[in-house]
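For reference, upload_25.cif (mmCIF, C-alpha atoms):
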```
data_work
loop_
_atom_site.label_atom_id
_atom_site.label_comp_id
_atom_site.auth_asym_id
_atom_site.auth_seq_id
_atom_site.Cartn_x
_atom_site.Cartn_y
_atom_site.Cartn_z
CA MET A 1 67.32 117.22 47.43
CA LYS A 2 68.37 115.10 44.46
CA GLU A 3 70.48 117.96 43.04
CA LYS A 4 72.14 118.45 46.43
CA THR A 5 72.91 114.73 46.71
CA CYS A 6 74.31 114.70 43.18
CA PHE A 7 76.56 117.70 43.96
CA ILE A 8 77.88 116.11 47.17
CA LEU A 9 78.58 112.83 45.36
CA LEU A 10 80.48 114.61 42.57
CA ALA A 11 82.42 116.66 45.15
CA VAL A 12 83.42 113.51 47.08
CA ILE A 13 84.55 111.76 43.87
CA PHE A 14 86.57 114.84 42.82
CA ILE A 15 88.30 115.13 46.23
CA ALA A 16 89.07 111.40 46.22
CA LEU A 17 90.53 111.53 42.70
CA TYR A 18 92.55 114.64 43.59
CA PHE A 19 94.07 113.45 46.87
CA ILE A 20 94.27 109.64 46.84
CA PRO A 21 97.90 108.59 46.21
CA PHE A 22 97.20 105.96 43.56
CA HIS A 23 100.94 105.38 43.06
CA SER A 24 101.19 104.00 46.64
CA SER A 25 101.52 100.21 46.77
CA THR A 26 99.04 100.09 49.70
CA VAL A 27 96.39 102.02 47.79
CA TYR A 28 97.07 99.98 44.64
CA ARG A 29 96.59 96.74 46.62
CA ALA A 30 93.38 98.05 48.18
CA LEU A 31 91.99 99.05 44.77
CA LEU A 32 92.87 95.61 43.42
CA GLU A 33 91.11 94.05 46.43
CA ALA A 34 88.01 96.13 45.67
CA LEU A 35 87.91 94.85 42.08
CA LEU A 36 88.73 91.26 43.04
CA MET A 37 86.03 91.28 45.72
CA LEU A 38 83.51 92.61 43.19
CA GLN A 39 84.56 89.91 40.70
CA GLU A 40 84.29 87.22 43.38
CA TYR A 41 80.85 88.52 44.34
CA ALA A 42 79.71 88.58 40.71
CA ARG A 43 80.94 85.03 40.08
CA GLU A 44 79.70 83.41 43.28
CA HIS A 45 76.53 85.28 44.22
CA VAL A 46 74.83 87.08 41.35
CA LEU A 47 73.70 84.24 39.05
CA LEU A 48 72.85 81.60 41.67
CA CYS A 49 71.76 83.81 44.58
CA LEU A 50 70.65 87.27 43.53
CA VAL A 51 68.97 86.46 40.21
CA PRO A 52 66.64 83.82 41.76
CA ALA A 53 66.01 86.22 44.67
CA PHE A 54 65.02 88.98 42.22
CA PHE A 55 62.54 86.63 40.55
CA ILE A 56 61.05 85.66 43.93
CA ALA A 57 60.76 89.37 44.86
CA GLY A 58 59.09 90.08 41.50
CA ALA A 59 56.67 87.21 42.11
CA ILE A 60 55.81 88.57 45.57
CA ALA A 61 55.13 92.00 44.04
CA ASN A 62 52.77 90.58 41.38
CA PHE A 63 51.19 87.38 42.61
CA VAL A 64 50.79 87.88 46.36
CA SER A 65 47.69 89.77 47.42
CA GLN A 66 48.50 93.03 49.19
CA GLY A 67 45.64 92.34 51.57
CA ALA A 68 47.17 88.98 52.50
CA VAL A 69 50.58 90.53 53.25
CA ILE A 70 48.97 93.19 55.46
CA LYS A 71 46.77 90.59 57.15
CA TYR A 72 49.71 88.40 58.22
CA PHE A 73 52.65 90.86 58.33
CA GLY A 74 51.07 94.32 58.55
CA ALA A 75 51.19 96.70 61.51
CA GLN A 76 47.90 95.35 62.85
CA ALA A 77 48.67 91.65 62.24
CA ASN A 78 48.84 89.01 64.97
CA LYS A 79 52.27 89.71 66.48
CA VAL A 80 52.93 86.15 67.59
CA ILE A 81 52.40 84.71 64.09
CA SER A 82 54.13 87.48 62.13
CA TYR A 83 57.24 87.69 64.32
CA ALA A 84 57.49 83.92 64.79
CA VAL A 85 57.53 83.35 61.02
CA ALA A 86 59.82 86.31 60.28
CA SER A 87 62.34 85.47 63.01
CA VAL A 88 63.03 81.89 61.88
CA SER A 89 62.88 82.48 58.12
CA GLY A 90 66.65 82.25 57.85
CA THR A 91 66.58 78.55 58.68
CA ILE A 92 64.77 78.00 55.38
CA LEU A 93 66.39 80.62 53.16
CA ALA A 94 70.11 80.42 54.09
CA VAL A 95 70.92 83.63 52.23
CA CYS A 96 73.58 86.33 52.74
CA SER A 97 72.97 89.95 53.77
CA CYS A 98 72.68 91.02 50.13
CA THR A 99 70.60 88.16 48.71
CA VAL A 100 67.88 88.78 51.32
CA LEU A 101 67.40 92.39 50.13
CA PRO A 102 65.11 91.80 47.12
CA LEU A 103 62.89 89.55 49.26
CA PHE A 104 62.75 92.14 52.04
CA ALA A 105 61.96 94.94 49.56
CA GLY A 106 59.24 92.79 47.99
CA ILE A 107 57.30 92.09 51.20
CA TYR A 108 57.80 95.61 52.60
CA LYS A 109 56.56 97.35 49.46
CA LYS A 110 53.61 94.96 49.39
CA GLY A 111 52.47 96.22 52.79
CA ALA A 112 54.33 94.26 55.48
CA GLY A 113 54.80 96.20 58.72
CA ILE A 114 58.27 97.53 59.43
CA GLY A 115 58.53 95.25 62.49
CA PRO A 116 58.03 91.86 60.77
CA ALA A 117 59.86 93.12 57.65
CA THR A 118 63.01 94.06 59.60
CA ALA A 119 62.76 90.87 61.68
CA PHE A 120 62.82 88.98 58.37
CA LEU A 121 65.63 91.22 57.06
CA TYR A 122 67.80 90.36 60.07
CA SER A 123 66.94 86.68 60.40
CA GLY A 124 67.28 85.83 56.68
CA PRO A 125 71.11 85.89 56.67
CA ALA A 126 71.66 85.51 60.45
CA ILE A 127 69.98 82.15 61.12
CA ASN A 128 71.58 79.91 58.53
CA VAL A 129 71.42 76.30 59.79
CA LEU A 130 74.73 75.23 58.25
CA ALA A 131 76.43 78.40 59.51
CA ILE A 132 75.22 77.68 63.04
CA ILE A 133 76.44 74.06 62.82
CA LEU A 134 79.79 75.15 61.36
CA THR A 135 80.18 77.81 64.06
CA ALA A 136 79.61 75.23 66.80
CA ARG A 137 82.05 72.74 65.27
CA VAL A 138 84.85 75.18 64.44
CA LEU A 139 84.53 77.93 67.08
CA GLY A 140 83.02 75.92 69.92
CA LEU A 141 79.60 74.71 71.05
CA GLU A 142 79.09 77.70 73.37
CA ILE A 143 79.56 80.26 70.59
CA GLY A 144 77.39 78.16 68.23
CA ILE A 145 74.47 78.03 70.70
CA ALA A 146 74.90 81.71 71.63
CA ARG A 147 74.81 82.66 67.95
CA ALA A 148 71.63 80.64 67.26
CA VAL A 149 69.75 81.92 70.32
CA GLY A 150 71.03 85.47 69.90
CA ALA A 151 70.03 85.67 66.23
CA ILE A 152 66.42 84.60 66.89
CA VAL A 153 66.09 86.93 69.89
CA PHE A 154 67.67 89.79 67.91
CA ALA A 155 65.21 89.34 65.03
CA VAL A 156 62.18 89.56 67.34
CA VAL A 157 63.50 92.40 69.54
CA ILE A 158 64.76 94.51 66.63
CA GLY A 159 61.48 94.03 64.78
CA LEU A 160 59.41 95.02 67.84
CA LEU A 161 61.60 98.06 68.55
CA MET A 162 61.39 99.23 64.92
CA HIS A 163 57.60 98.86 65.14
CA ILE A 164 57.42 100.84 68.40
CA ILE A 165 59.81 103.59 67.27
CA PHE A 166 58.04 104.14 63.94
CA ILE A 167 54.49 103.28 64.99
CA LYS A 168 53.10 106.62 63.74
CA ASP A 169 54.56 106.05 60.28
CA GLU A 170 53.16 102.53 60.25
CA LYS A 171 49.65 103.68 61.09
CA SER A 172 49.61 106.28 58.33
CA ARG A 173 51.12 103.77 55.92
CA ASN A 174 48.65 100.92 56.46
CA THR A 175 45.49 102.03 58.24
CA ASP A 176 44.66 104.72 55.69
CA LYS A 177 43.84 101.94 53.21
CA GLU A 178 41.56 99.30 54.67
CA LEU A 179 42.80 96.63 52.30
CA ALA A 180 41.09 93.25 52.19
CA LEU A 181 42.01 90.06 50.42
CA ASP A 182 41.32 90.19 46.72
CA GLU A 183 38.60 87.56 46.35
CA GLU A 184 38.90 87.32 42.57
CA GLU A 185 42.61 86.58 42.86
CA GLU A 186 41.95 83.96 45.52
CA LYS A 187 39.39 82.30 43.25
CA SER A 188 41.53 82.33 40.13
CA ARG A 189 44.64 81.06 41.89
CA PRO A 190 44.13 78.89 44.98
CA LEU A 191 46.35 79.32 48.02
CA TRP A 192 47.81 75.83 47.59
CA GLN A 193 49.04 76.75 44.11
CA MET A 194 50.80 79.86 45.37
CA GLY A 195 52.28 77.87 48.25
CA ILE A 196 53.76 75.25 45.90
CA TYR A 197 54.95 77.95 43.50
CA PHE A 198 56.90 79.90 46.14
CA PHE A 199 58.15 76.74 47.83
CA THR A 200 59.60 75.60 44.49
CA MET A 201 61.43 78.89 43.90
CA ILE A 202 62.82 78.92 47.44
CA ALA A 203 63.90 75.27 47.04
CA ILE A 204 65.82 76.23 43.88
CA ILE A 205 67.76 78.99 45.64
CA VAL A 206 68.45 76.72 48.65
CA PHE A 207 69.65 73.62 46.77
CA VAL A 208 71.65 75.35 44.03
CA ASN A 209 73.69 77.08 46.78
CA TRP A 210 73.99 73.98 49.01
CA ASP A 211 77.53 73.89 50.42
CA LYS A 212 79.73 70.90 51.21
CA ASP A 213 80.34 69.58 54.74
CA GLU A 214 82.19 66.25 54.75
CA SER A 215 81.46 65.74 58.45
CA ILE A 216 77.68 65.45 57.92
CA HIS A 217 76.96 62.41 55.74
CA LEU A 218 73.40 63.25 54.67
CA TRP A 219 74.34 66.88 54.05
CA ASN A 220 77.17 65.73 51.78
CA ILE A 221 74.87 63.35 49.84
CA ILE A 222 72.55 66.29 49.12
CA TYR A 223 75.57 68.39 48.08
CA LYS A 224 76.63 65.78 45.51
CA SER A 225 73.10 65.64 44.11
CA LYS A 226 72.27 69.34 44.37
CA TYR A 227 72.25 70.06 40.62
CA PHE A 228 69.91 67.11 39.92
CA ILE A 229 67.58 68.28 42.72
CA THR A 230 67.74 71.87 41.46
CA GLY A 231 67.07 70.69 37.90
CA ALA A 232 63.99 68.75 39.02
CA PHE A 233 62.60 71.83 40.79
CA LEU A 234 63.37 73.97 37.72
CA ILE A 235 61.43 71.60 35.45
CA PHE A 236 58.50 71.66 37.87
CA LEU A 237 58.68 75.47 38.01
CA MET A 238 58.56 75.68 34.20
CA TYR A 239 55.50 73.41 34.23
CA MET A 240 53.75 75.70 36.71
CA ILE A 241 54.67 78.84 34.76
CA LEU A 242 53.32 77.42 31.50
CA SER A 243 50.20 75.89 33.05
CA TRP A 244 49.08 78.33 35.73
CA PHE A 245 49.97 81.81 34.53
CA LYS A 246 48.79 84.05 31.70
CA LYS A 247 51.20 85.76 29.33
CA GLU A 248 50.36 89.21 30.76
CA GLU A 249 51.09 88.03 34.30
CA LEU A 250 54.47 86.67 33.24
CA LYS A 251 55.28 89.96 31.52
CA GLU A 252 54.43 91.90 34.69
CA TRP A 253 56.53 89.47 36.73
CA THR A 254 59.52 90.11 34.45
CA VAL A 255 59.06 93.89 34.69
CA SER A 256 58.91 93.76 38.51
CA THR A 257 61.99 91.55 38.64
CA TRP A 258 63.91 94.00 36.45
CA THR A 259 62.74 96.92 38.63
CA PHE A 260 64.19 95.28 41.74
CA ALA A 261 67.45 94.44 39.92
CA LYS A 262 67.77 98.03 38.65
CA GLN A 263 67.24 99.45 42.10
CA ILE A 264 69.47 97.08 44.05
CA LEU A 265 72.40 95.90 41.88
CA PRO A 266 74.19 99.27 41.38
CA LEU A 267 74.13 99.96 45.13
CA LEU A 268 75.31 96.45 45.93
CA PHE A 269 78.22 96.62 43.49
CA ALA A 270 79.29 100.03 44.81
CA GLY A 271 79.07 98.81 48.40
CA VAL A 272 81.05 95.63 47.70
CA MET A 273 83.84 97.66 46.09
CA VAL A 274 84.05 100.07 49.04
CA ALA A 275 84.05 97.17 51.53
CA GLY A 276 86.78 95.44 49.51
CA PHE A 277 88.87 98.64 49.37
CA LEU A 278 88.65 99.22 53.12
CA LEU A 279 88.87 95.68 54.54
CA GLY A 280 89.80 93.38 51.65
CA ARG A 281 88.66 89.84 51.01
CA PRO A 282 88.94 87.09 53.66
CA GLY A 283 92.65 86.41 54.09
CA HIS A 284 93.66 89.58 52.22
CA GLU A 285 94.14 93.15 53.34
CA GLY A 286 92.48 96.30 52.11
CA ILE A 287 93.58 99.80 53.09
CA ILE A 288 93.05 98.91 56.80
CA PRO A 289 95.71 96.42 58.00
CA SER A 290 94.23 93.22 59.47
CA LYS A 291 96.67 93.37 62.42
CA TRP A 292 94.98 96.60 63.52
CA VAL A 293 91.66 94.79 63.56
CA ALA A 294 93.04 91.84 65.54
CA ARG A 295 94.68 94.21 68.06
CA LEU A 296 91.47 96.16 68.61
CA VAL A 297 89.24 93.13 69.31
CA GLY A 298 91.29 91.50 72.05
CA GLY A 299 89.85 91.17 75.57
CA ASN A 300 86.24 91.78 76.48
CA ILE A 301 85.95 95.50 77.18
CA LEU A 302 83.28 97.74 75.69
CA ARG A 303 85.66 99.14 73.08
CA SER A 304 86.63 95.74 71.64
CA ASN A 305 83.01 94.53 71.46
CA LEU A 306 81.83 97.79 69.90
CA PHE A 307 84.67 97.74 67.40
CA ALA A 308 83.91 94.12 66.44
CA SER A 309 80.22 94.97 65.97
CA VAL A 310 80.94 98.03 63.83
CA VAL A 311 83.55 96.28 61.66
CA GLY A 312 81.21 93.31 61.25
CA ALA A 313 78.35 95.63 60.30
CA PHE A 314 80.32 97.30 57.49
CA MET A 315 82.28 94.31 56.18
CA TYR A 316 80.66 92.02 53.61
CA PHE A 317 80.54 88.32 54.54
CA ALA A 318 79.51 85.77 51.95
CA THR A 319 77.54 82.92 53.52
CA LEU A 320 79.76 80.86 55.89
CA THR A 321 82.95 82.94 55.29
CA GLU A 322 82.60 84.58 58.71
CA VAL A 323 83.56 81.29 60.43
CA PRO A 324 87.10 80.85 58.98
CA ILE A 325 87.72 84.62 59.36
CA LEU A 326 86.82 84.45 63.04
CA GLN A 327 88.87 81.29 63.48
CA GLY A 328 91.91 83.26 62.32
CA LEU A 329 91.07 86.27 64.48
CA LEU A 330 90.54 84.10 67.59
CA GLY A 331 93.95 82.56 66.91
CA SER A 332 95.39 86.10 66.80
CA GLY A 333 94.01 86.95 70.25
CA MET A 334 90.42 88.01 69.62
CA GLY A 335 88.17 87.62 72.67
CA LYS A 336 85.12 85.33 72.67
CA GLY A 337 82.81 88.27 73.40
CA PRO A 338 83.91 90.33 70.37
CA ALA A 339 83.76 87.13 68.27
CA LEU A 340 80.07 86.69 69.13
CA ALA A 341 79.44 90.42 68.62
CA LEU A 342 80.86 90.16 65.10
CA LEU A 343 78.83 87.01 64.40
CA LEU A 344 75.61 88.76 65.41
CA SER A 345 76.23 91.94 63.40
CA GLY A 346 78.36 90.78 60.47
CA PRO A 347 76.28 88.25 58.51
CA ALA A 348 73.11 90.36 58.85
CA LEU A 349 74.66 93.69 57.82
CA SER A 350 77.19 95.02 55.34
CA LEU A 351 77.88 98.34 53.64
CA PRO A 352 76.15 97.22 50.40
CA ASN A 353 73.23 95.96 52.49
CA MET A 354 72.88 99.35 54.25
CA LEU A 355 72.87 101.29 50.97
CA VAL A 356 70.00 99.21 49.63
CA ILE A 357 68.02 99.28 52.89
CA ARG A 358 68.25 103.09 52.78
CA SER A 359 66.70 103.10 49.30
CA VAL A 360 63.75 101.07 50.65
CA LEU A 361 63.24 102.46 54.18
CA GLY A 362 64.87 105.88 54.00
CA THR A 363 67.85 107.26 55.90
CA LYS A 364 66.29 107.64 59.36
CA LYS A 365 64.88 104.11 59.61
CA THR A 366 68.07 102.60 58.20
CA ILE A 367 70.23 104.38 60.78
CA VAL A 368 67.95 103.22 63.62
CA TYR A 369 68.03 99.62 62.32
CA VAL A 370 71.84 99.60 62.05
CA VAL A 371 72.28 101.22 65.49
CA LEU A 372 69.96 98.62 67.06
CA VAL A 373 71.91 95.73 65.52
CA VAL A 374 75.31 97.16 66.51
CA THR A 375 74.21 98.10 70.04
CA MET A 376 72.60 94.73 70.77
CA ALA A 377 75.57 92.86 69.30
CA THR A 378 77.99 94.91 71.43
CA PHE A 379 76.24 94.25 74.74
CA SER A 380 75.53 90.60 73.88
CA GLY A 381 79.24 90.15 73.23
CA MET A 382 80.13 91.74 76.56
CA PHE A 383 77.64 89.56 78.44
CA PHE A 384 78.85 86.39 76.71
CA GLY A 385 82.51 87.25 77.22
CA ASN A 386 82.05 87.91 80.93
CA PHE A 387 80.01 84.80 81.75
CA PHE A 388 81.35 82.21 79.30
#
```
Structure rendered as structure tokens:
Amino acid sequence: MKEKTCFILLAVIFIALYFIPFHSSTVYRALLEALLMLQEYAREHVLLCLVPAFFIAGAIANFVSQGAVIKYFGAQANKVISYAVASVSGTILAVCSCTVLPLFAGIYKKGAGIGPATAFLYSGPAINVLAIILTARVLGLEIGIARAVGAIVFAVVIGLLMHIIFIKDEKSRNTDKELALDEEEEKSRPLWQMGIYFFTMIAIIVFVNWDKDESIHLWNIIYKSKYFITGAFLIFLMYMILSWFKKEELKEWTVSTWTFAKQILPLLFAGVMVAGFLLGRPGHEGIIPSKWVARLVGGNILRSNLFASVVGAFMYFATLTEVPILQGLLGSGMGKGPALALLLSGPALSLPNMLVIRSVLGTKKTIVYVVLVVTMATFSGMFFGNFF
């Protein structure tokens, strides 16, 4: 299978190199957009978003008991607790569709059921508190509320459907190993220590990426102090690392972090470049003219909602960038229904995101997950557009 995949990849690259008219100004602009989007992603998201996320994922892989993950997020876990926590996780994390991937891979590989894991995967980037507030202020209160409610409902429903569809796989994956909590680990490192440790790392990723909003006074005060707050959490994290962990544990943590980075970064970079080539950065065009997009998402028919959902699913949105993009599209005649459809599919999915999910879940489960998101976003957009 690997040889076949390699051959197909080489064949696609050869055909592209042979036929793409690189001398065309349109193609040249699209290629430049691909590189500029990759550079923008590298500058704005790798060091402050992805690197901390890789370290958190590595910590999950090494310091969280597999029995504990299965107990609270496994296929047989209490559904109310596991889905409730997974579906609102985005309010704490405020990450984009790519930054959430190492965290998702970490809990899934540790034994989390596919239902809670995919609920977390969707909610992580979809339920960003500032994004919801900004959506309500810029695009209207109705769209803001619909986005918040829709994202939470989507996370739970998608997670439950993934669990039901792949229940046989889940049983063979988890019930074959009756894993219990590792008592030695619990003794050597109390639960409160692990809670503080993970809270500190999540606080670092939240505050270092805190964005400005002049209209919210307290929010803006935190923004001005974010590097001092982040620095304080970093110092505390260093204290915990030096005081609570053995050298061997830290070495294993580093190895796990590097493993996640090795697996995810190449796929992300490739996906960002393809997304940039096809659709361009916000406010810029790729190979597909933006006027085509605006023309296809007018009104509230099935086609416009489906198109908005599919474009949103493949396009990469950095955190909060979907709001000004939609503001421009609404001004160009986009319907409210397609706008909501894009908001519910776009931030949670992207081409880079799909490539990495496939490496974790496999092709079949990834396709089902993407189809569920796009389908639910399409019909939610139609419902919203018809009644609001």
Could you give me, as a tab-separated table, every region 265-381 of chain A residue with an atom at most 10 Å from region 19-29 of chain A, plus its closest atom pair and distance in Å to one decimal, counting only C-alpha atoms, rows ordered by chain then number?
```
residue	atom	partner	partner_atom	distance
A:Phe277	CA	A:Val27	CA	8.4
A:Leu278	CA	A:Val27	CA	9.8
A:Gly280	CA	A:Arg29	CA	9.1
A:His284	CA	A:Arg29	CA	9.6
A:Glu285	CA	A:Arg29	CA	8.0
A:Gly286	CA	A:Arg29	CA	6.9
A:Ile287	CA	A:Val27	CA	6.4
A:Ile288	CA	A:Thr26	CA	9.4
A:Pro289	CA	A:Thr26	CA	9.7
```
Practice problem: Give as a PyMOL selection string the residues that the PyMOL selection byres ((chain A and resi 45) around 12) matches when applied to the coordinates above. | Solution: chain A and resi 37-44+46-53+95-100+205+208-209+265+268-269+272+317-319
Practice problem: List every protein, DNA or RNA residue that has at least one atom no more than 10 Å from (59.7, 98.3, 48.8) in the file's coordinates, counting all atoms listed in the file, and write the result as a PyMOL selection string. | Solution: chain A and resi 57+61+101-112+260+357+359-361
Quiz item: Skipping near chain neighbours, those fewer than 2 positions away, what residues fall within 8 Å of Thr118 (chain A) using all atoms listed in the file, listed as a PyMOL selection string?
Solution: chain A and resi 104+114-116+120-122+155+158-159+162+369
Practice problem: Return the single residue from A:Ser290, A:Thr366, A:Ser304, A:Thr257 that is closest to Leu349 (chain A), with distances computed using only C-alpha atoms. | Solution: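 Of A:Ser290, A:Thr366, A:Ser304, A:Thr257, the one nearest Leu349 (chain A), counting only C-alpha atoms, is A:Thr366.
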Report, as JSON, the axis-aligned box around all atoms of region 137-153 of chain A present in the file, extended by 5 Å on each side; give centre and edge lengths in Å to one decimal place.
```
{"center_x": 75.5, "center_y": 79.8, "center_z": 68.9, "size_x": 28.8, "size_y": 24.2, "size_z": 18.9}
```
Self-check item: Reference answer for the PyMOL selection byres ((chain A and resi 225-231) around 9), as a ChimeraX atom specification
Solution: /A:203-210,220-224,232-236
Practice problem: Could you jot down the CA of Ala341 (chain A) to CA of Gly298 (chain A) separation for me, Å, one decimal place? | Solution: 12.4 Å
Quiz item: Of the residues A:Gly283, A:Gly140, A:Pro266, A:Gly271, which is the one nearest to Leu340 (chain A), using all atoms listed in the file?
Solution: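 For Leu340 (chain A), the nearest of the candidates is A:Gly140.
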Quiz prompt | Atomic distance CA of Arg147 (chain A) - CA of Val373 (chain A), expressed in Å with one decimal | solution =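 Distance between the two atoms: 13.6 Å.
Computed from the coordinates, the CA of Leu10 (chain A) to CA of Val371 (chain A) distance equals 27.8 Å.
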Exercise. With a distance cut-off of 8 Å and only C-alpha atoms, select the neighbouring residues of Leu344 (chain A), excluding the residue or stretch itself and same-chain residues fewer than 5 positions from it, and output the selection as number ranges by chain.
Key: A: 126, 147, 150-151, 309, 373, 377
Exercise. Considering all atoms listed in the file, return as JSON, numbers by chain whatever protein or nucleic-acid residues lie within 7 Å of region 83-85 of chain A, sequence-local ones (same chain, fewer than 2 positions apart) excluded.
Key: {"A": [79, 80, 81, 87, 88, 89, 116, 119, 156]}
Quiz item: Where does the PyMOL selection byres ((chain A and resi 334) around 10) land in this file, that is, which residues does it pick, as a count of residues only?
Solution: 23
Practice problem: May I have the residues within 8 Å of Phe379 (chain A) as a PyMOL selection string, using only C-alpha atoms and disregarding those fewer than 2 positions away in the same chain? | Solution: chain A and resi 302+305+341+375-377+381-383
Exercise. Determine, counting only C-alpha atoms, every residue of protein, DNA or RNA that lies within 7 Å of (58.3, 86.3, 40.1) in the file coordinates, then give the result as a ChimeraX atom specification.
Key: /A:55-60,253-254,257
